[in-house]
Each structure stands twice: as C-alpha cells, then as structure tokens.
file coords-v5.csv (CSV, C-alpha atoms and all ligand atoms)
chain,number,residue,atom,x,y,z
A,17,MET,CA,-16.8,-4.5,18.3
A,18,THR,CA,-15.2,-7.4,16.5
A,19,ILE,CA,-14.4,-7.0,12.9
A,20,LEU,CA,-13.4,-9.5,10.2
A,21,ALA,CA,-11.5,-7.7,7.5
A,22,ILE,CA,-10.7,-8.9,3.9
A,23,GLU,CA,-8.2,-7.5,1.4
A,24,SER,CA,-7.7,-8.9,-2.1
A,25,SER,CA,-7.0,-5.9,-4.3
A,26,CYS,CA,-3.8,-7.1,-5.9
A,27,ASP,CA,-1.5,-10.0,-5.3
A,28,GLU,CA,-1.9,-10.4,-1.5
A,29,THR,CA,-4.9,-12.2,-0.1
A,30,SER,CA,-5.2,-11.1,3.5
A,31,THR,CA,-7.7,-11.6,6.3
A,32,ALA,CA,-7.7,-10.1,9.8
A,33,VAL,CA,-9.7,-10.0,13.0
A,34,LEU,CA,-9.7,-6.8,15.1
A,35,GLU,CA,-11.4,-6.2,18.4
A,36,ASN,CA,-12.0,-2.5,19.2
A,37,SER,CA,-9.1,-1.5,16.9
A,38,VAL,CA,-6.7,-4.0,18.4
A,39,VAL,CA,-5.4,-6.5,15.8
A,40,LEU,CA,-6.0,-10.1,17.0
A,41,SER,CA,-4.8,-11.6,13.7
A,42,ASN,CA,-3.5,-10.5,10.4
A,43,VAL,CA,-2.9,-13.3,7.9
A,44,ILE,CA,-1.2,-12.5,4.6
A,45,SER,CA,-0.7,-14.8,1.7
A,46,THR,CA,1.5,-13.4,-1.1
A,47,GLN,CA,1.1,-14.8,-4.6
A,48,PHE,CA,4.8,-15.4,-5.2
A,49,PHE,CA,4.1,-17.3,-8.4
A,50,HIS,CA,3.8,-14.0,-10.3
A,51,LYS,CA,7.6,-13.7,-10.1
A,52,LYS,CA,8.1,-16.0,-13.1
A,53,PHE,CA,6.0,-13.6,-15.3
A,54,GLY,CA,7.9,-10.5,-14.2
A,55,GLY,CA,4.6,-8.9,-13.0
A,56,VAL,CA,1.2,-9.5,-11.6
A,57,ILE,CA,-1.1,-11.4,-14.0
A,58,PRO,CA,-4.7,-10.2,-13.1
A,59,GLU,CA,-6.5,-13.4,-14.1
A,60,LEU,CA,-4.1,-15.6,-12.2
A,61,ALA,CA,-4.3,-13.2,-9.2
A,62,SER,CA,-8.1,-13.6,-9.1
A,63,ARG,CA,-8.0,-17.3,-9.3
A,64,ALA,CA,-5.4,-17.5,-6.5
A,65,HIS,CA,-7.6,-15.3,-4.3
A,66,LEU,CA,-10.5,-17.6,-4.9
A,67,ARG,CA,-8.4,-20.6,-3.9
A,68,THR,CA,-7.1,-19.1,-0.6
A,69,ILE,CA,-9.7,-16.7,0.7
A,70,SER,CA,-11.8,-19.3,2.5
A,71,ASN,CA,-9.0,-21.0,4.3
A,72,LEU,CA,-7.3,-17.7,5.1
A,73,THR,CA,-10.5,-16.4,6.7
A,74,GLU,CA,-10.7,-19.5,8.9
A,75,GLU,CA,-7.0,-19.1,9.8
A,76,ALA,CA,-7.6,-15.4,10.8
A,77,LEU,CA,-10.5,-16.5,13.0
A,78,ILE,CA,-8.5,-19.4,14.6
A,79,GLN,CA,-5.5,-17.2,15.3
A,80,ALA,CA,-7.7,-14.6,16.9
A,81,GLY,CA,-9.5,-17.2,19.0
A,82,LYS,CA,-12.9,-16.2,17.5
A,83,THR,CA,-15.7,-17.9,15.7
A,84,ILE,CA,-17.7,-16.3,12.9
A,85,ASN,CA,-20.6,-16.0,15.3
A,86,GLN,CA,-18.6,-13.6,17.4
A,87,ILE,CA,-18.0,-11.2,14.5
A,88,ASP,CA,-20.0,-8.0,14.5
A,89,ALA,CA,-19.1,-6.6,11.0
A,90,ILE,CA,-17.2,-7.3,7.9
A,91,ALA,CA,-14.7,-4.8,6.4
A,92,VAL,CA,-13.7,-5.4,2.8
A,93,THR,CA,-11.6,-3.5,0.3
A,94,ARG,CA,-13.9,-2.0,-2.3
A,95,GLU,CA,-11.4,-0.2,-4.6
A,96,PRO,CA,-9.0,0.6,-6.1
A,97,GLY,CA,-7.3,-2.5,-7.4
A,98,LEU,CA,-7.5,-5.3,-10.0
A,99,ILE,CA,-11.2,-5.7,-10.7
A,100,GLY,CA,-11.3,-9.5,-10.7
A,101,ALA,CA,-9.2,-9.6,-7.5
A,102,LEU,CA,-11.5,-7.1,-5.8
A,103,VAL,CA,-14.6,-9.0,-6.9
A,104,VAL,CA,-13.3,-12.2,-5.2
A,105,GLY,CA,-12.9,-10.4,-1.8
A,106,SER,CA,-16.2,-8.4,-2.1
A,107,ASN,CA,-18.3,-11.3,-3.1
A,108,PHE,CA,-16.8,-13.5,-0.4
A,109,ALA,CA,-17.6,-10.8,2.1
A,110,LYS,CA,-21.1,-10.5,0.7
A,111,GLY,CA,-21.7,-14.2,1.0
A,112,LEU,CA,-20.6,-14.2,4.6
A,113,ALA,CA,-22.7,-11.1,5.3
A,114,LEU,CA,-25.8,-12.7,3.9
A,115,ARG,CA,-25.3,-16.0,5.6
A,116,TYR,CA,-24.5,-14.5,9.0
A,117,ASN,CA,-26.6,-11.4,8.7
A,118,LEU,CA,-23.6,-9.1,9.2
A,119,PRO,CA,-23.2,-5.5,8.0
A,120,ILE,CA,-20.4,-4.7,5.6
A,121,VAL,CA,-18.1,-1.7,5.7
A,122,PRO,CA,-16.5,-1.2,2.3
A,123,ILE,CA,-13.1,0.5,2.5
A,124,ASN,CA,-11.0,2.3,0.0
A,125,HIS,CA,-7.6,0.5,-0.2
A,126,ILE,CA,-5.5,3.7,-0.3
A,127,GLU,CA,-7.4,5.1,2.7
A,128,GLY,CA,-6.5,1.9,4.4
A,129,HIS,CA,-2.8,2.6,3.8
A,130,LEU,CA,-3.3,6.2,4.8
A,131,TYR,CA,-4.4,5.4,8.3
A,132,SER,CA,-2.3,2.2,8.9
A,133,GLY,CA,0.2,4.2,10.9
A,134,GLY,CA,-2.3,4.3,13.7
A,135,ILE,CA,-2.6,0.6,14.1
A,136,GLU,CA,0.3,0.2,16.5
A,137,LYS,CA,0.1,3.6,18.1
A,138,GLU,CA,-2.7,6.1,17.9
A,139,LEU,CA,-1.6,9.0,15.7
A,140,GLU,CA,-2.2,12.6,16.4
A,141,PHE,CA,-3.9,14.5,13.6
A,142,PRO,CA,-3.1,16.3,11.5
A,143,TYR,CA,-0.2,14.6,9.8
A,144,VAL,CA,1.3,14.2,6.3
A,145,SER,CA,1.2,10.8,4.8
A,146,LEU,CA,3.3,9.4,2.0
A,147,VAL,CA,1.7,6.4,0.4
A,148,VAL,CA,4.3,4.5,-1.8
A,149,SER,CA,3.5,1.1,-3.3
A,150,GLY,CA,3.7,-0.8,-6.5
A,151,GLY,CA,0.5,0.9,-7.7
A,152,HIS,CA,0.4,4.3,-5.9
A,153,THR,CA,2.6,7.2,-5.0
A,154,ALA,CA,0.8,10.1,-3.3
A,155,ILE,CA,1.2,12.7,-0.5
A,156,PHE,CA,-1.8,13.4,1.7
A,157,TYR,CA,-2.6,15.9,4.3
A,158,VAL,CA,-4.6,14.0,6.9
A,159,LYS,CA,-6.9,15.9,9.2
A,160,SER,CA,-9.1,13.1,10.7
A,161,TYR,CA,-10.4,9.7,9.9
A,162,ASN,CA,-12.9,11.2,7.5
A,163,GLU,CA,-11.0,14.2,6.2
A,164,TYR,CA,-7.9,14.3,4.1
A,165,GLU,CA,-6.6,16.2,1.1
A,166,ILE,CA,-4.5,14.9,-1.8
A,167,MET,CA,-1.4,17.1,-2.0
A,168,GLY,CA,0.4,15.2,-4.8
A,169,LEU,CA,0.3,12.2,-7.0
A,170,THR,CA,2.5,10.5,-9.5
A,171,LYS,CA,2.0,11.6,-13.1
A,172,ASP,CA,3.1,8.2,-14.4
A,173,ASP,CA,4.8,5.2,-12.7
A,174,ALA,CA,4.5,4.6,-9.0
A,175,ALA,CA,7.6,4.5,-6.8
A,176,GLY,CA,7.4,0.7,-6.5
A,177,GLU,CA,7.0,0.4,-10.2
A,178,ALA,CA,10.1,2.5,-10.7
A,179,PHE,CA,12.0,0.1,-8.4
A,180,ASP,CA,10.5,-3.0,-10.2
A,181,LYS,CA,11.0,-1.8,-13.7
A,182,THR,CA,14.6,-0.6,-13.3
A,183,ALA,CA,15.4,-3.8,-11.4
A,184,LYS,CA,14.1,-5.7,-14.4
A,185,LEU,CA,16.6,-3.7,-16.6
A,186,LEU,CA,19.3,-4.9,-14.3
A,187,GLY,CA,18.2,-8.5,-14.7
A,188,LEU,CA,16.9,-8.8,-11.1
A,189,PRO,CA,13.8,-10.9,-10.2
A,190,TYR,CA,10.3,-9.4,-9.7
A,191,PRO,CA,9.5,-7.6,-7.5
A,192,GLY,CA,12.8,-5.8,-7.8
A,193,GLY,CA,12.3,-3.3,-4.9
A,194,PRO,CA,13.7,-5.5,-2.1
A,195,HIS,CA,16.6,-6.7,-4.4
A,196,ILE,CA,17.6,-3.1,-5.2
A,197,ASP,CA,17.4,-2.3,-1.5
A,198,LYS,CA,19.7,-5.2,-0.6
A,199,LEU,CA,22.2,-4.6,-3.4
A,200,ALA,CA,22.3,-0.9,-2.9
A,201,LYS,CA,24.0,-1.5,0.5
A,202,GLN,CA,27.1,-2.6,-1.3
A,203,GLY,CA,27.1,0.0,-4.0
A,204,ASN,CA,28.0,3.7,-4.5
A,205,SER,CA,25.0,5.9,-4.8
A,206,LYS,CA,27.0,8.6,-6.6
A,207,ALA,CA,28.3,6.2,-9.3
A,208,TYR,CA,25.5,7.2,-11.8
A,209,ASP,CA,23.6,10.4,-11.9
A,210,PHE,CA,20.0,9.4,-12.6
A,211,PRO,CA,17.3,12.1,-12.9
A,212,ARG,CA,15.5,13.3,-9.8
A,213,ALA,CA,12.3,14.1,-11.8
A,214,MET,CA,10.1,17.1,-10.8
A,215,ILE,CA,12.4,17.9,-7.9
A,216,ASN,CA,12.0,21.6,-8.5
A,217,SER,CA,8.4,21.5,-9.6
A,218,ASN,CA,6.3,23.8,-7.4
A,219,ASP,CA,4.0,21.1,-6.4
A,220,TYR,CA,4.0,17.7,-4.6
A,221,ASN,CA,3.6,15.5,-7.7
A,222,PHE,CA,6.0,12.9,-8.9
A,223,SER,CA,7.2,11.4,-12.2
A,224,PHE,CA,9.2,8.2,-12.3
A,225,SER,CA,9.0,7.1,-15.9
A,226,GLY,CA,11.9,9.2,-16.9
A,227,LEU,CA,14.2,7.4,-14.5
A,228,LYS,CA,13.3,4.1,-16.1
A,229,THR,CA,14.0,5.5,-19.6
A,230,SER,CA,17.3,7.0,-18.4
A,231,VAL,CA,18.5,3.7,-17.0
A,232,ARG,CA,17.4,1.9,-20.1
A,233,TYR,CA,19.3,4.2,-22.5
A,234,TYR,CA,22.4,4.2,-20.3
A,235,ILE,CA,22.5,0.4,-20.3
A,236,ALA,CA,21.8,0.2,-24.1
A,237,LYS,CA,24.5,2.8,-24.9
A,238,ASN,CA,27.2,1.3,-22.6
A,239,PHE,CA,26.7,-2.4,-22.4
A,240,HIS,CA,26.0,-4.9,-25.2
A,241,ASP,CA,25.2,-7.8,-22.9
A,242,GLY,CA,23.4,-6.2,-20.0
A,243,VAL,CA,24.9,-4.6,-16.9
A,244,PRO,CA,28.1,-6.5,-15.8
A,245,LYS,CA,27.5,-8.2,-12.4
A,246,GLU,CA,30.1,-6.2,-10.6
A,247,LEU,CA,28.4,-2.9,-11.5
A,248,ILE,CA,24.9,-3.9,-10.4
A,249,PRO,CA,25.3,-2.7,-6.7
A,250,ASP,CA,26.3,0.8,-8.0
A,251,PHE,CA,23.4,0.9,-10.3
A,252,ALA,CA,21.0,-0.3,-7.5
A,253,ALA,CA,22.4,2.3,-5.1
A,254,SER,CA,22.2,5.2,-7.7
A,255,ILE,CA,18.6,4.2,-8.7
A,256,GLN,CA,17.5,4.0,-5.1
A,257,ALA,CA,19.1,7.3,-4.3
A,258,ALA,CA,17.2,9.0,-7.1
A,259,ILE,CA,13.8,7.6,-6.0
A,260,VAL,CA,14.3,8.1,-2.3
A,261,TYR,CA,15.7,11.7,-2.7
A,262,VAL,CA,12.5,12.9,-4.4
A,263,LEU,CA,10.1,11.0,-2.1
A,264,VAL,CA,11.8,12.4,1.1
A,265,HIS,CA,12.2,15.9,-0.4
A,266,LYS,CA,8.5,16.3,-1.3
A,267,ALA,CA,7.1,14.6,1.8
A,268,ILE,CA,9.1,16.9,4.1
A,269,LYS,CA,8.3,20.0,2.0
A,270,ALA,CA,4.6,19.1,2.3
A,271,ALA,CA,4.9,18.6,6.1
A,272,ILE,CA,6.6,22.0,6.4
A,273,GLU,CA,3.9,23.7,4.4
A,274,LYS,CA,1.2,22.1,6.5
A,275,ALA,CA,3.2,22.7,9.8
A,276,VAL,CA,2.5,19.2,11.0
A,277,LYS,CA,4.6,17.3,13.6
A,278,THR,CA,4.4,13.9,12.0
A,279,VAL,CA,5.1,12.3,8.6
A,280,VAL,CA,3.7,8.8,8.2
A,281,VAL,CA,4.8,6.5,5.4
A,282,ALA,CA,2.8,3.5,4.2
A,283,GLY,CA,2.7,1.1,1.2
A,284,GLY,CA,5.1,-1.7,0.2
A,285,VAL,CA,8.0,0.7,-0.6
A,286,SER,CA,8.1,2.0,3.0
A,287,ALA,CA,10.0,-1.3,3.6
A,288,ASN,CA,12.9,0.4,1.8
A,289,SER,CA,15.7,0.9,4.4
A,290,GLU,CA,17.1,4.0,2.8
A,291,LEU,CA,13.7,5.6,2.6
A,292,ARG,CA,13.2,4.9,6.3
A,293,ASP,CA,16.6,6.2,7.3
A,294,LYS,CA,16.6,9.3,5.1
A,295,LEU,CA,13.1,10.3,6.1
A,296,ALA,CA,13.8,9.9,9.8
A,297,ILE,CA,16.9,12.1,9.5
A,298,ALA,CA,15.1,14.8,7.4
A,299,ALA,CA,12.1,14.8,9.7
A,300,ALA,CA,14.3,15.1,12.8
A,301,LYS,CA,16.1,18.0,11.2
A,302,HIS,CA,12.8,19.9,11.0
A,303,GLY,CA,11.7,18.9,14.5
A,304,MET,CA,9.2,16.3,13.2
A,305,LYS,CA,8.9,12.6,13.7
A,306,SER,CA,8.6,10.0,11.0
A,307,VAL,CA,6.3,7.0,11.6
A,308,VAL,CA,6.8,3.8,9.5
A,309,PRO,CA,4.4,1.0,10.5
A,310,GLU,CA,5.6,-2.5,11.0
A,311,ILE,CA,6.1,-4.2,7.7
A,312,ASN,CA,3.0,-6.4,7.9
A,313,TYR,CA,0.9,-3.2,8.2
A,314,CYS,CA,2.9,-1.4,5.4
A,315,MET,CA,2.4,-4.0,2.7
A,316,ASP,CA,-1.1,-4.9,1.5
A,317,ASN,CA,-2.9,-6.3,4.5
A,318,ALA,CA,-6.4,-6.7,5.9
A,319,ALA,CA,-5.6,-5.3,9.4
A,320,MET,CA,-5.5,-1.8,7.9
A,321,ILE,CA,-8.9,-2.3,6.2
A,322,GLY,CA,-10.4,-3.5,9.5
A,323,TYR,CA,-8.7,-0.7,11.5
A,324,LEU,CA,-10.2,2.0,9.3
A,325,ALA,CA,-13.6,0.3,9.3
A,326,GLN,CA,-13.6,0.5,13.1
A,327,LYS,CA,-12.7,4.2,13.1
A,328,LYS,CA,-15.4,4.9,10.6
A,329,ILE,CA,-18.0,3.0,12.7
A,330,GLU,CA,-16.9,5.0,15.8
A,331,ASP,CA,-17.7,8.2,14.0
A,332,LYS,CA,-21.4,8.5,14.8
A,333,SER,CA,-21.9,11.4,12.4
A,334,LYS,CA,-21.9,9.1,9.4
A,335,ASN,CA,-23.3,5.8,8.5
A,336,PHE,CA,-20.5,3.7,7.0
A,337,PHE,CA,-22.4,0.4,7.0
A,338,ASP,CA,-23.4,-0.4,3.4
A,339,PHE,CA,-26.2,-2.9,3.5
A,340,SER,CA,-26.8,-2.5,-0.2
A,341,PHE,CA,-23.3,-3.8,-0.8
A,342,ALA,CA,-24.4,-7.1,0.9
A,343,VAL,CA,-28.1,-7.7,0.0
A,344,SER,CA,-29.2,-9.8,-2.9
A,345,ALA,CA,-30.8,-8.3,-6.0
A,346,ARG,CA,-34.2,-9.6,-4.8
A,347,ALA,CA,-33.8,-8.1,-1.3
A,348,LEU,CA,-32.7,-4.8,-2.9
A,349,ARG,CA,-35.8,-4.8,-5.2
A,350,ALA,CA,-38.0,-5.5,-2.1
A,351,LYS,CA,-36.3,-2.6,-0.3
A,352,ARG,CA,-36.9,-0.2,-3.2
A,353,LYS,CA,-40.7,-1.0,-3.2
B,1,LIG,O1,2.0,-2.1,-1.0
B,1,LIG,P1,2.5,-3.3,-1.8
B,1,LIG,O2,2.8,-4.6,-1.1
B,1,LIG,O3,1.6,-3.7,-3.0
B,1,LIG,C1,1.0,-2.7,-3.8
B,1,LIG,O4,1.6,-2.4,-4.8
B,1,LIG,O5,-0.2,-2.2,-3.5
B,1,LIG,O6,3.8,-2.8,-2.6
B,1,LIG,C2,4.6,-3.6,-3.4
B,1,LIG,C3,5.8,-2.7,-3.9
B,1,LIG,C4,6.6,-3.4,-5.0
B,1,LIG,O7,6.8,-2.5,-6.1
B,1,LIG,C5,7.9,-3.7,-4.3
B,1,LIG,O8,9.0,-3.8,-5.2
B,1,LIG,C6,8.0,-2.6,-3.4
B,1,LIG,O9,6.7,-2.4,-2.9
B,1,LIG,N1,8.9,-2.9,-2.2
B,1,LIG,C7,10.1,-2.3,-2.1
B,1,LIG,C8,10.7,-2.9,-1.0
B,1,LIG,N2,9.9,-3.9,-0.5
B,1,LIG,C9,8.8,-3.9,-1.3
B,1,LIG,N3,10.7,-1.3,-2.8
B,1,LIG,C10,11.9,-0.8,-2.3
B,1,LIG,N4,12.5,-1.4,-1.3
B,1,LIG,C11,12.0,-2.4,-0.6
B,1,LIG,N5,12.7,-2.9,0.5
B,2,ZN,ZN,-1.5,-1.3,-1.4
call {"tool": "encode", "arguments": {"input": "coords-v5.csv", "output": "structure tokens"}}
result
Amino acid sequence: MTILAIESSCDETSTAVLENSVVLSNVISTQFFHKKFGGVIPELASRAHLRTISNLTEEALIQAGKTINQIDAIAVTREPGLIGALVVGSNFAKGLALRYNLPIVPINHIEGHLYSGGIEKELEFPYVSLVVSGGHTAIFYVKSYNEYEIMGLTKDDAAGEAFDKTAKLLGLPYPGGPHIDKLAKQGNSKAYDFPRAMINSNDYNFSFSGLKTSVRYYIAKNFHDGVPKELIPDFAASIQAAIVYVLVHKAIKAAIEKAVKTVVVAGGVSANSELRDKLAIAAAKHGMKSVVPEINYCMDNAAMIGYLAQKKIEDKSKNFFDFSFAVSARALRAKRK
C-alpha cells in the first residue's frame, strides 16, 4: 500500500510518501518567518500552509518516484493543533480524496509522535514514550498501535515552551530550545539552582511555568539591563539541567513501574543533546534502552502520520478509513437517505 501523508498542525508543512511503512520521501517546510514575532502567529501559519502545501505534495511524490495515481490512501493530521492550520491540511487532503477517489485516514498528531520511534526500526511493545514538543509534554504507556495509556501530562507549559520562554528572557531568538542546547555546552549547569517542579510528586505529571517565573524573578532582581552576555551560557546550562532532570526522572520512573525494556522519546525537544545523553545513561543503568528517532521524524513531520495510518490499516479489526471525512455535504446527505 502506498500512502500520501499530510501534516499541517502548527508551523511545519510536511508531506510524505510511504510504501508498506517504508518512508520514500518526507518533505518538511518550516515557517521560519515566525521568528521575528517571537512565537507562532496562527493566522500567518495557515496562510503559509496554504501557499506551500500543493508544491510540497508534488515534491514528496517526485522524491518518492510516484504519481498521484499510484497512491492508495491519504493520511492527514486531524487534531490537535492550530485550527486554521489543520483546516488547510484536512481540506487539501479532502480535495485530493474527492478528485482521485481515495480513502482518508485521519490521524491524531500526538499519536503520530507516539509511534514515530518505529519508523526506522520496528519497536517491540510495550514501551514507555515521552512526547516532548513546543505544545505537548506527556508520558504514555504504549501497548500496541491501538492501545496506549496516558501516564502523565504537563499541568501548564510544555517542555519546549519552557525552553522557548526562558530563552526569550535571556534575549535569545525564537525558538529558543536549540539556542539553549548550544549555549549550555559552554556553561555550568550548577551555576543557578532553578526549580525541578513536581519532582517528588507521586505521579508522572509535569509543571514548567514555575521555572519560567523563577528565571524571570532572578533576572529582574539581579540585573537591570538583562543578563550579561558572559553569564548566558551558565543560565542556559542551568535551565536545561532543570528541564531535562525532571523529564528523565519521570520517564525512567514510569518505565520502571511498567517494567518495559524500552523508553522512546519524540517531539521537537527530543533533539536536545542533554536529554538524549541523560536518558540513554539513565535507561542503561536500569537495563533498558532509549530510542530517539532521527531528527526529521522527531520534529513535526508527515512521515509519522503516514506510518501510523499504515499500521492502523494493517489492523483488520478496525476500520480506520473515514470516508465521511472526505465526501461532500451532498454526497453525505445522499448516503444518509
Ligand atoms: O515537535 P516540534 O517541532 O513542534 C511542536 O511544538 O509540535 O517542537 C518544537 C519545540 C520548540 O519548543 C523548540 O524550542 C524545541 O522543540 N526544540 C528544542 C531543541 N530543538 C527543538 N528544545 C531543546 N533543545 C533542542 N535542541
Ligand atoms: Zn508535534
């Protein structure tokens, strides 16, 4: 089966072609222009998706060596995300589905991340998955392609948001995560003692808004004119240590409770070098392995949407095709009669 996948939930437009779970192409266009606003502007994100989605679909087909006539199904991100951005992807998929008479498999974006660890190498169930991005922070116990349990969620900011908002306080560009990661390599992570929120809570939930407040108050109290340049690496290293410590601690604790052999990380924050290193070390200490997908499958991408669609289709016990997602109102009325 050959699947065309479309992802447009936030500020990445992405299209991919997969053949029997193998990724033939995965094209990602990041909307870098949001940088100058210090965050994603939903209206501009939708318009940018609208401009790129058609060419990007063509590009994915060309790179895969396929034509639209060779596609068997369309996978598209249904939710969650910015509504205008999602509508662009969904409606584009619906248009193609109507024109080429193709079924649509709507996919939940977070579930896409959850299973993305299997794209390069089939993963053995069950495993614990840590999904960390600009919009989400959660720990899941994953039993199969259809069954998983949410073990913990963030109560406020997502881990990526914590990176981005604290980076902004340091005067770094958006998105701040990669800048903090880079600067932290030259800094002392023990220079500042920022809070490791909910570290002793008897659950797998997170809270990152206190970290941002703590950094803000520290800066306001000690510096009149922002953080001096020479101190920024120490700030970056201390902030990163606070975020990573809690993520690793809770993910490993969850994996121990569920007695799994594997911990999988996904979402944009999994690009963080300290998170990768610390998680690998902690997992090995407990006889587990940590799996971090290649960066193009970690960030928002269509390959993960197509991959999960294929797995859902393979599961004959459920019908994942959603024709009503594709048919026109007239066709729907006719169907109801
Ligand atoms: O998954 P993603 O591409 O988009 C969604 O939010 O869904 O994640 C983007 C987030 C941003 O908050 C960005 O700062 C963070 O991932 N990020 C990082 C790194 N690279 C990206 N955070 C820390 N260290 C990094 N190297
Ligand atoms: Zn995402």
call {"tool": "closest_residue", "arguments": {"input": "coords-v5.csv", "among": "A:Tyr220, A:Tyr234, A:Tyr164, A:Tyr131", "to": "Gln326 (chain A)", "atoms": "all atoms listed in the file"}}
result
A:Tyr131
call {"tool": "residues_near_point", "arguments": {"input": "coords-v5.csv", "point": "(-0.7, 3.9, 18.4)", "cutoff": "12 Å", "atoms": "only C-alpha atoms", "output": "list in words"}}
result
Ser37, Val38, Val39, Tyr131, Ser132, Gly133, Gly134, Ile135, Glu136, Lys137, Glu138, Leu139, Glu140, Val307, Val308, Pro309, Glu310 and Tyr323 of chain A
call {"tool": "atom_distance", "arguments": {"input": "coords-v5.csv", "atom1": "CA of Gly81 (chain A)", "atom2": "CA of His125 (chain A)"}}
result
26.2 Å
call {"tool": "residues_near_ligand", "arguments": {"input": "coords-v5.csv", "ligand": "ligand ZN 2 (chain B)", "cutoff": "7 Å", "atoms": "all atoms listed in the file", "output": "count of residues only"}}
result
9
call {"tool": "closest_residue", "arguments": {"input": "coords-v5.csv", "among": "A:Lys269, A:Lys201, A:Lys328, A:Lys301", "to": "ligand LIG 1 (chain B)", "atoms": "all atoms listed in the file"}}
result
A:Lys201
call {"tool": "atom_distance", "arguments": {"input": "coords-v5.csv", "atom1": "CA of Lys82 (chain A)", "atom2": "CA of Cys314 (chain A)"}}
result
24.8 Å
call {"tool": "residues_around", "arguments": {"input": "coords-v5.csv", "residues": "Leu72 (chain A)", "least_positions_apart": "6", "cutoff": "8 Å", "atoms": "all atoms listed in the file", "output": "PyMOL selection string"}}
result
chain A and resi 29-31+43+45
call {"tool": "build_atoms", "arguments": {"input": "coords-v5.csv", "residues": "region 251-258 of chain A", "atoms": "all heavy atoms", "output": "CSV table (one decimal), in the coordinates of the input"}}
result
chain,number,residue,atom,x,y,z
A,251,PHE,N,24.6,0.5,-9.6
A,251,PHE,CA,23.4,0.9,-10.3
A,251,PHE,C,22.2,0.9,-9.3
A,251,PHE,O,21.4,1.9,-9.3
A,251,PHE,CB,23.0,-0.1,-11.4
A,251,PHE,CG,23.6,0.3,-12.8
A,251,PHE,CD1,24.8,-0.1,-13.2
A,251,PHE,CD2,22.8,1.1,-13.6
A,251,PHE,CE1,25.3,0.3,-14.4
A,251,PHE,CE2,23.3,1.5,-14.9
A,251,PHE,CZ,24.5,1.1,-15.3
A,252,ALA,N,22.1,-0.2,-8.5
A,252,ALA,CA,21.0,-0.3,-7.5
A,252,ALA,C,21.1,0.9,-6.6
A,252,ALA,O,20.0,1.6,-6.3
A,252,ALA,CB,21.2,-1.6,-6.8
A,253,ALA,N,22.3,1.3,-6.1
A,253,ALA,CA,22.4,2.3,-5.1
A,253,ALA,C,22.0,3.7,-5.8
A,253,ALA,O,21.4,4.5,-5.1
A,253,ALA,CB,23.8,2.4,-4.6
A,254,SER,N,22.4,3.9,-7.0
A,254,SER,CA,22.2,5.2,-7.7
A,254,SER,C,20.7,5.3,-8.0
A,254,SER,O,20.1,6.4,-7.9
A,254,SER,CB,23.0,5.3,-9.0
A,254,SER,OG,24.4,5.1,-8.7
A,255,ILE,N,20.1,4.2,-8.4
A,255,ILE,CA,18.6,4.2,-8.7
A,255,ILE,C,17.8,4.5,-7.5
A,255,ILE,O,17.0,5.4,-7.4
A,255,ILE,CB,18.2,2.9,-9.4
A,255,ILE,CG1,18.7,2.7,-10.8
A,255,ILE,CG2,16.6,2.7,-9.3
A,255,ILE,CD1,18.6,1.3,-11.3
A,256,GLN,N,18.2,3.8,-6.4
A,256,GLN,CA,17.5,4.0,-5.1
A,256,GLN,C,17.6,5.4,-4.6
A,256,GLN,O,16.7,6.0,-4.1
A,256,GLN,CB,18.1,3.0,-4.1
A,256,GLN,CG,17.4,3.1,-2.7
A,256,GLN,CD,17.9,2.0,-1.8
A,256,GLN,OE1,17.3,0.9,-1.8
A,256,GLN,NE2,19.0,2.2,-1.1
A,257,ALA,N,18.9,5.9,-4.8
A,257,ALA,CA,19.1,7.3,-4.3
A,257,ALA,C,18.2,8.3,-5.0
A,257,ALA,O,17.6,9.2,-4.4
A,257,ALA,CB,20.6,7.7,-4.5
A,258,ALA,N,18.0,8.1,-6.3
A,258,ALA,CA,17.2,9.0,-7.1
A,258,ALA,C,15.7,8.9,-6.7
A,258,ALA,O,15.1,10.0,-6.5
A,258,ALA,CB,17.3,8.6,-8.6
